[in-house]
Amino acid sequence: MPYGLILDVDGVLADTEALLARATIAMFRELYDVEFAPEDFEPYVGAGSKRYTLGPAHMRGLEIDLETALSKRRENFLALLQSAESIAFPGAAELIEVAYDHPEWRLAVATSSRSDRAGATLAAAAVDLSRFDAVITGDMVTHMKPDPEIYLTSARIIGVPIRACVVIEDSLVGLEAAKAAGARCIAVTNTFPRKKLAAADRIVDSLTQVDLAMLLALVA
């Protein structure tokens, strides 16, 4: 029986959540002369760039040109990404290789990011996409997390029943999406503390703590 391992990108494979906040804060400062703090974006982590940008703006009663804002945010993020040191989380490459080498496992990336930004992030994190059976990005689905669509789509494309899939997430909306889809979910504490991730089937502090035995115990 095949099993599926579905990995989020920002906050799971790549240490980019702080960069995304910085890029968005700079955008609001440059275009609207308004200051935000990183914690203003926490409720929208993992929910896609539109909600991540519009949510804090609406909380301040700020009307923005979304297309211009997203373009500037993307420009800022790519500049930060180019100047950043290694953004790969420890254990990511090793876990991918172990699952890839096992004939029963199929791998997918599932990220709310658009394909252009996701590609740049995965390249910067040195993720070997040849190991994956599918890469699902935010512009390939209609509904963003916490809607389960992206995980249901991932399972369908890799040809594995969702109940036989393990999702690894860092965000609250991602965890909600995975559980709503019917997948097992491992939450990694790269972005939120353990107490906020209690709905996960397993909680780890690093991908170095995840192995095939843990994955199999969740789906076998």
# chains A, B, ... in the order shown; residues from 1 in each chain; ligands from 1
$ select_by_dssp --residues "region 81-220 of chain A" --states "alpha helix (DSSP H)" --output "VMD selection string"
chain A and resid 81 to 83 92 to 101 115 to 124 149 to 158 172 to 181 212 to 219
$ residues_around --residues "Gly174 (chain A)" --least-positions-apart "6" --cutoff "7 Å" --atoms "only C-alpha atoms" --output "ChimeraX atom specification"
/A:46,145-146
$ write_last_selection --atoms "C-alpha atoms" --output "PDB file, in the first residue's frame"
ATOM      1  CA  GLY A  46       0.172  29.832   6.055  1.00  0.00           C
ATOM      2  CA  LYS A 145      -5.675  26.962   4.001  1.00  0.00           C
ATOM      3  CA  PRO A 146      -7.440  26.363   6.401  1.00  0.00           C
TER       4      PRO A 146
END
$ residues_around --residues "Ala88 (chain A)" --least-positions-apart "2" --cutoff "9 Å" --atoms "only C-alpha atoms" --output "list in words"
Val12, Leu13, Ala14, Asp15, Ser86, Pro90, Gly91, Ala92, Ala93, Leu122, Ala124, Ala125, Ala126 and Val127 of chain A
$ residues_around --residues "region 195-208 of chain A" --least-positions-apart "5" --cutoff "12 Å" --atoms "only C-alpha atoms" --output "PyMOL selection string"
chain A and resi 7+11-15+42-43+88-96+98+166-180+182-190+214-215+217-219
$ select_by_dssp --residues "chain A" --states "strand (DSSP E)" --output "PyMOL selection string"
chain A and resi 3-7+105-110+134-136+165-169+184-188+202-204
$ atom_distance --atom1 "CA of Pro2 (chain A)" --atom2 "CA of Glu104 (chain A)"
4.7 Å
$ residues_around --residues "Leu129 (chain A)" --least-positions-apart "5" --cutoff "10 Å" --atoms "only C-alpha atoms" --output "MDAnalysis selection string"
chainID A and resid 96 107:109 119 122:123 134:135
$ write_last_selection --atoms "all heavy atoms" --output "PDB file, in the first residue's frame"
ATOM      1  N   ILE A  96      13.600  13.852   3.483  1.00  0.00           N
ATOM      2  CA  ILE A  96      13.185  13.691   2.089  1.00  0.00           C
ATOM      3  C   ILE A  96      13.885  12.490   1.461  1.00  0.00           C
ATOM      4  O   ILE A  96      13.258  11.669   0.781  1.00  0.00           O
ATOM      5  CB  ILE A  96      13.476  14.977   1.291  1.00  0.00           C
ATOM      6  CG1 ILE A  96      12.546  16.106   1.750  1.00  0.00           C
ATOM      7  CG2 ILE A  96      13.333  14.734  -0.207  1.00  0.00           C
ATOM      8  CD1 ILE A  96      12.956  17.477   1.252  1.00  0.00           C
ATOM      9  N   LEU A 107       5.996  11.449  -2.325  1.00  0.00           N
ATOM     10  CA  LEU A 107       6.228  12.743  -1.703  1.00  0.00           C
ATOM     11  C   LEU A 107       5.576  13.876  -2.486  1.00  0.00           C
ATOM     12  O   LEU A 107       5.529  13.857  -3.712  1.00  0.00           O
ATOM     13  CB  LEU A 107       7.730  13.030  -1.591  1.00  0.00           C
ATOM     14  CG  LEU A 107       8.490  12.333  -0.458  1.00  0.00           C
ATOM     15  CD1 LEU A 107       8.764  10.882  -0.819  1.00  0.00           C
ATOM     16  CD2 LEU A 107       9.797  13.048  -0.154  1.00  0.00           C
ATOM     17  N   ALA A 108       5.096  14.867  -1.739  1.00  0.00           N
ATOM     18  CA  ALA A 108       4.530  16.068  -2.357  1.00  0.00           C
ATOM     19  C   ALA A 108       4.882  17.284  -1.519  1.00  0.00           C
ATOM     20  O   ALA A 108       5.005  17.206  -0.301  1.00  0.00           O
ATOM     21  CB  ALA A 108       3.016  15.949  -2.492  1.00  0.00           C
ATOM     22  N   VAL A 109       5.047  18.397  -2.209  1.00  0.00           N
ATOM     23  CA  VAL A 109       5.124  19.711  -1.577  1.00  0.00           C
ATOM     24  C   VAL A 109       3.752  20.352  -1.721  1.00  0.00           C
ATOM     25  O   VAL A 109       3.139  20.274  -2.788  1.00  0.00           O
ATOM     26  CB  VAL A 109       6.190  20.600  -2.260  1.00  0.00           C
ATOM     27  CG1 VAL A 109       5.984  22.065  -1.896  1.00  0.00           C
ATOM     28  CG2 VAL A 109       7.585  20.151  -1.868  1.00  0.00           C
ATOM     29  N   GLY A 119       9.062  28.493  -5.926  1.00  0.00           N
ATOM     30  CA  GLY A 119      10.244  28.004  -6.620  1.00  0.00           C
ATOM     31  C   GLY A 119      11.513  28.657  -6.113  1.00  0.00           C
ATOM     32  O   GLY A 119      12.534  27.982  -5.904  1.00  0.00           O
ATOM     33  N   LEU A 122      12.229  27.256  -2.516  1.00  0.00           N
ATOM     34  CA  LEU A 122      12.730  25.882  -2.541  1.00  0.00           C
ATOM     35  C   LEU A 122      14.155  25.823  -3.068  1.00  0.00           C
ATOM     36  O   LEU A 122      14.981  25.048  -2.571  1.00  0.00           O
ATOM     37  CB  LEU A 122      11.799  25.017  -3.388  1.00  0.00           C
ATOM     38  CG  LEU A 122      10.427  24.745  -2.765  1.00  0.00           C
ATOM     39  CD1 LEU A 122       9.455  24.231  -3.813  1.00  0.00           C
ATOM     40  CD2 LEU A 122      10.550  23.755  -1.614  1.00  0.00           C
ATOM     41  N   ALA A 123      14.464  26.655  -4.060  1.00  0.00           N
ATOM     42  CA  ALA A 123      15.831  26.698  -4.584  1.00  0.00           C
ATOM     43  C   ALA A 123      16.797  27.217  -3.531  1.00  0.00           C
ATOM     44  O   ALA A 123      17.900  26.675  -3.365  1.00  0.00           O
ATOM     45  CB  ALA A 123      15.878  27.573  -5.836  1.00  0.00           C
ATOM     46  N   ALA A 134       4.980  15.388  -6.741  1.00  0.00           N
ATOM     47  CA  ALA A 134       4.113  16.521  -7.071  1.00  0.00           C
ATOM     48  C   ALA A 134       4.528  17.739  -6.259  1.00  0.00           C
ATOM     49  O   ALA A 134       4.989  17.616  -5.126  1.00  0.00           O
ATOM     50  CB  ALA A 134       2.645  16.194  -6.794  1.00  0.00           C
ATOM     51  N   VAL A 135       4.358  18.915  -6.870  1.00  0.00           N
ATOM     52  CA  VAL A 135       4.542  20.193  -6.177  1.00  0.00           C
ATOM     53  C   VAL A 135       3.257  20.986  -6.395  1.00  0.00           C
ATOM     54  O   VAL A 135       2.941  21.373  -7.521  1.00  0.00           O
ATOM     55  CB  VAL A 135       5.758  20.974  -6.711  1.00  0.00           C
ATOM     56  CG1 VAL A 135       5.850  22.334  -6.024  1.00  0.00           C
ATOM     57  CG2 VAL A 135       7.038  20.173  -6.500  1.00  0.00           C
TER      58      VAL A 135
END
$ residues_around --residues "Ala23 (chain A)" --least-positions-apart "3" --cutoff "12 Å" --atoms "only C-alpha atoms" --output "count of residues only"
30
$ atom_distance --atom1 "CA of Asp139 (chain A)" --atom2 "CA of Ser115 (chain A)"
6.7 Å
$ decode --residues "region 58-91 of chain A" --atoms "N, CA and C atoms" --output "PDB file, in the first residue's frame"
ATOM      1  N   HIS A  58      -6.871  45.325   7.057  1.00  0.00           N
ATOM      2  CA  HIS A  58      -8.270  45.533   7.456  1.00  0.00           C
ATOM      3  C   HIS A  58      -8.403  45.788   8.945  1.00  0.00           C
ATOM      4  N   MET A  59      -7.551  45.161   9.739  1.00  0.00           N
ATOM      5  CA  MET A  59      -7.593  45.386  11.185  1.00  0.00           C
ATOM      6  C   MET A  59      -7.252  46.833  11.529  1.00  0.00           C
ATOM      7  N   ARG A  60      -6.477  47.470  10.677  1.00  0.00           N
ATOM      8  CA  ARG A  60      -6.116  48.881  10.869  1.00  0.00           C
ATOM      9  C   ARG A  60      -7.050  49.823  10.113  1.00  0.00           C
ATOM     10  N   GLY A  61      -8.023  49.260   9.390  1.00  0.00           N
ATOM     11  CA  GLY A  61      -8.905  50.096   8.583  1.00  0.00           C
ATOM     12  C   GLY A  61      -8.204  50.707   7.399  1.00  0.00           C
ATOM     13  N   LEU A  62      -7.177  50.011   6.897  1.00  0.00           N
ATOM     14  CA  LEU A  62      -6.349  50.528   5.810  1.00  0.00           C
ATOM     15  C   LEU A  62      -6.800  49.937   4.479  1.00  0.00           C
ATOM     16  N   GLU A  63      -7.150  50.766   3.536  1.00  0.00           N
ATOM     17  CA  GLU A  63      -7.498  50.322   2.195  1.00  0.00           C
ATOM     18  C   GLU A  63      -6.237  50.304   1.334  1.00  0.00           C
ATOM     19  N   ILE A  64      -5.996  49.170   0.685  1.00  0.00           N
ATOM     20  CA  ILE A  64      -4.767  49.045  -0.098  1.00  0.00           C
ATOM     21  C   ILE A  64      -5.074  48.552  -1.508  1.00  0.00           C
ATOM     22  N   ASP A  65      -4.158  48.840  -2.415  1.00  0.00           N
ATOM     23  CA  ASP A  65      -4.193  48.274  -3.752  1.00  0.00           C
ATOM     24  C   ASP A  65      -3.497  46.926  -3.655  1.00  0.00           C
ATOM     25  N   LEU A  66      -4.288  45.846  -3.630  1.00  0.00           N
ATOM     26  CA  LEU A  66      -3.734  44.531  -3.328  1.00  0.00           C
ATOM     27  C   LEU A  66      -2.680  44.098  -4.342  1.00  0.00           C
ATOM     28  N   GLU A  67      -2.930  44.299  -5.612  1.00  0.00           N
ATOM     29  CA  GLU A  67      -1.976  43.866  -6.638  1.00  0.00           C
ATOM     30  C   GLU A  67      -0.630  44.564  -6.473  1.00  0.00           C
ATOM     31  N   THR A  68      -0.674  45.882  -6.228  1.00  0.00           N
ATOM     32  CA  THR A  68       0.568  46.636  -6.032  1.00  0.00           C
ATOM     33  C   THR A  68       1.267  46.196  -4.755  1.00  0.00           C
ATOM     34  N   ALA A  69       0.479  45.987  -3.702  1.00  0.00           N
ATOM     35  CA  ALA A  69       1.044  45.574  -2.417  1.00  0.00           C
ATOM     36  C   ALA A  69       1.721  44.212  -2.525  1.00  0.00           C
ATOM     37  N   LEU A  70       1.075  43.265  -3.183  1.00  0.00           N
ATOM     38  CA  LEU A  70       1.649  41.932  -3.322  1.00  0.00           C
ATOM     39  C   LEU A  70       2.901  41.950  -4.181  1.00  0.00           C
ATOM     40  N   SER A  71       2.905  42.762  -5.221  1.00  0.00           N
ATOM     41  CA  SER A  71       4.081  42.869  -6.077  1.00  0.00           C
ATOM     42  C   SER A  71       5.274  43.416  -5.295  1.00  0.00           C
ATOM     43  N   LYS A  72       5.041  44.463  -4.505  1.00  0.00           N
ATOM     44  CA  LYS A  72       6.115  45.054  -3.703  1.00  0.00           C
ATOM     45  C   LYS A  72       6.580  44.095  -2.620  1.00  0.00           C
ATOM     46  N   ARG A  73       5.642  43.401  -1.997  1.00  0.00           N
ATOM     47  CA  ARG A  73       5.975  42.409  -0.969  1.00  0.00           C
ATOM     48  C   ARG A  73       6.850  41.316  -1.562  1.00  0.00           C
ATOM     49  N   ARG A  74       6.494  40.825  -2.752  1.00  0.00           N
ATOM     50  CA  ARG A  74       7.272  39.781  -3.407  1.00  0.00           C
ATOM     51  C   ARG A  74       8.680  40.286  -3.742  1.00  0.00           C
ATOM     52  N   GLU A  75       8.756  41.520  -4.228  1.00  0.00           N
ATOM     53  CA  GLU A  75      10.060  42.117  -4.541  1.00  0.00           C
ATOM     54  C   GLU A  75      10.929  42.189  -3.294  1.00  0.00           C
ATOM     55  N   ASN A  76      10.334  42.642  -2.173  1.00  0.00           N
ATOM     56  CA  ASN A  76      11.078  42.738  -0.922  1.00  0.00           C
ATOM     57  C   ASN A  76      11.549  41.368  -0.449  1.00  0.00           C
ATOM     58  N   PHE A  77      10.645  40.378  -0.549  1.00  0.00           N
ATOM     59  CA  PHE A  77      10.983  39.039  -0.073  1.00  0.00           C
ATOM     60  C   PHE A  77      12.128  38.443  -0.887  1.00  0.00           C
ATOM     61  N   LEU A  78      12.078  38.574  -2.208  1.00  0.00           N
ATOM     62  CA  LEU A  78      13.127  38.000  -3.045  1.00  0.00           C
ATOM     63  C   LEU A  78      14.476  38.654  -2.771  1.00  0.00           C
ATOM     64  N   ALA A  79      14.457  39.955  -2.469  1.00  0.00           N
ATOM     65  CA  ALA A  79      15.702  40.644  -2.122  1.00  0.00           C
ATOM     66  C   ALA A  79      16.263  40.103  -0.807  1.00  0.00           C
ATOM     67  N   LEU A  80      15.395  39.900   0.173  1.00  0.00           N
ATOM     68  CA  LEU A  80      15.826  39.345   1.459  1.00  0.00           C
ATOM     69  C   LEU A  80      16.333  37.916   1.279  1.00  0.00           C
ATOM     70  N   LEU A  81      15.657  37.156   0.421  1.00  0.00           N
ATOM     71  CA  LEU A  81      16.034  35.769   0.197  1.00  0.00           C
ATOM     72  C   LEU A  81      17.431  35.673  -0.409  1.00  0.00           C
ATOM     73  N   GLN A  82      17.743  36.576  -1.317  1.00  0.00           N
ATOM     74  CA  GLN A  82      19.045  36.554  -1.977  1.00  0.00           C
ATOM     75  C   GLN A  82      20.180  36.881  -1.018  1.00  0.00           C
ATOM     76  N   SER A  83      19.881  37.688  -0.012  1.00  0.00           N
ATOM     77  CA  SER A  83      20.919  38.094   0.930  1.00  0.00           C
ATOM     78  C   SER A  83      20.989  37.189   2.162  1.00  0.00           C
ATOM     79  N   ALA A  84      20.032  36.271   2.285  1.00  0.00           N
ATOM     80  CA  ALA A  84      19.991  35.399   3.459  1.00  0.00           C
ATOM     81  C   ALA A  84      21.019  34.277   3.342  1.00  0.00           C
ATOM     82  N   GLU A  85      21.481  33.792   4.496  1.00  0.00           N
ATOM     83  CA  GLU A  85      22.315  32.604   4.512  1.00  0.00           C
ATOM     84  C   GLU A  85      21.406  31.389   4.343  1.00  0.00           C
ATOM     85  N   SER A  86      21.906  30.216   4.573  1.00  0.00           N
ATOM     86  CA  SER A  86      21.121  28.998   4.370  1.00  0.00           C
ATOM     87  C   SER A  86      19.797  29.067   5.121  1.00  0.00           C
ATOM     88  N   ILE A  87      18.714  28.782   4.412  1.00  0.00           N
ATOM     89  CA  ILE A  87      17.391  28.840   5.036  1.00  0.00           C
ATOM     90  C   ILE A  87      16.778  27.451   5.207  1.00  0.00           C
ATOM     91  N   ALA A  88      17.542  26.411   4.892  1.00  0.00           N
ATOM     92  CA  ALA A  88      17.029  25.051   5.038  1.00  0.00           C
ATOM     93  C   ALA A  88      16.998  24.662   6.509  1.00  0.00           C
ATOM     94  N   PHE A  89      15.884  24.091   6.945  1.00  0.00           N
ATOM     95  CA  PHE A  89      15.793  23.621   8.323  1.00  0.00           C
ATOM     96  C   PHE A  89      16.571  22.316   8.482  1.00  0.00           C
ATOM     97  N   PRO A  90      17.219  22.117   9.615  1.00  0.00           N
ATOM     98  CA  PRO A  90      17.929  20.859   9.870  1.00  0.00           C
ATOM     99  C   PRO A  90      16.984  19.664   9.746  1.00  0.00           C
ATOM    100  N   GLY A  91      17.474  18.626   9.118  1.00  0.00           N
ATOM    101  CA  GLY A  91      16.709  17.389   9.002  1.00  0.00           C
ATOM    102  C   GLY A  91      15.824  17.307   7.781  1.00  0.00           C
TER     103      GLY A  91
END
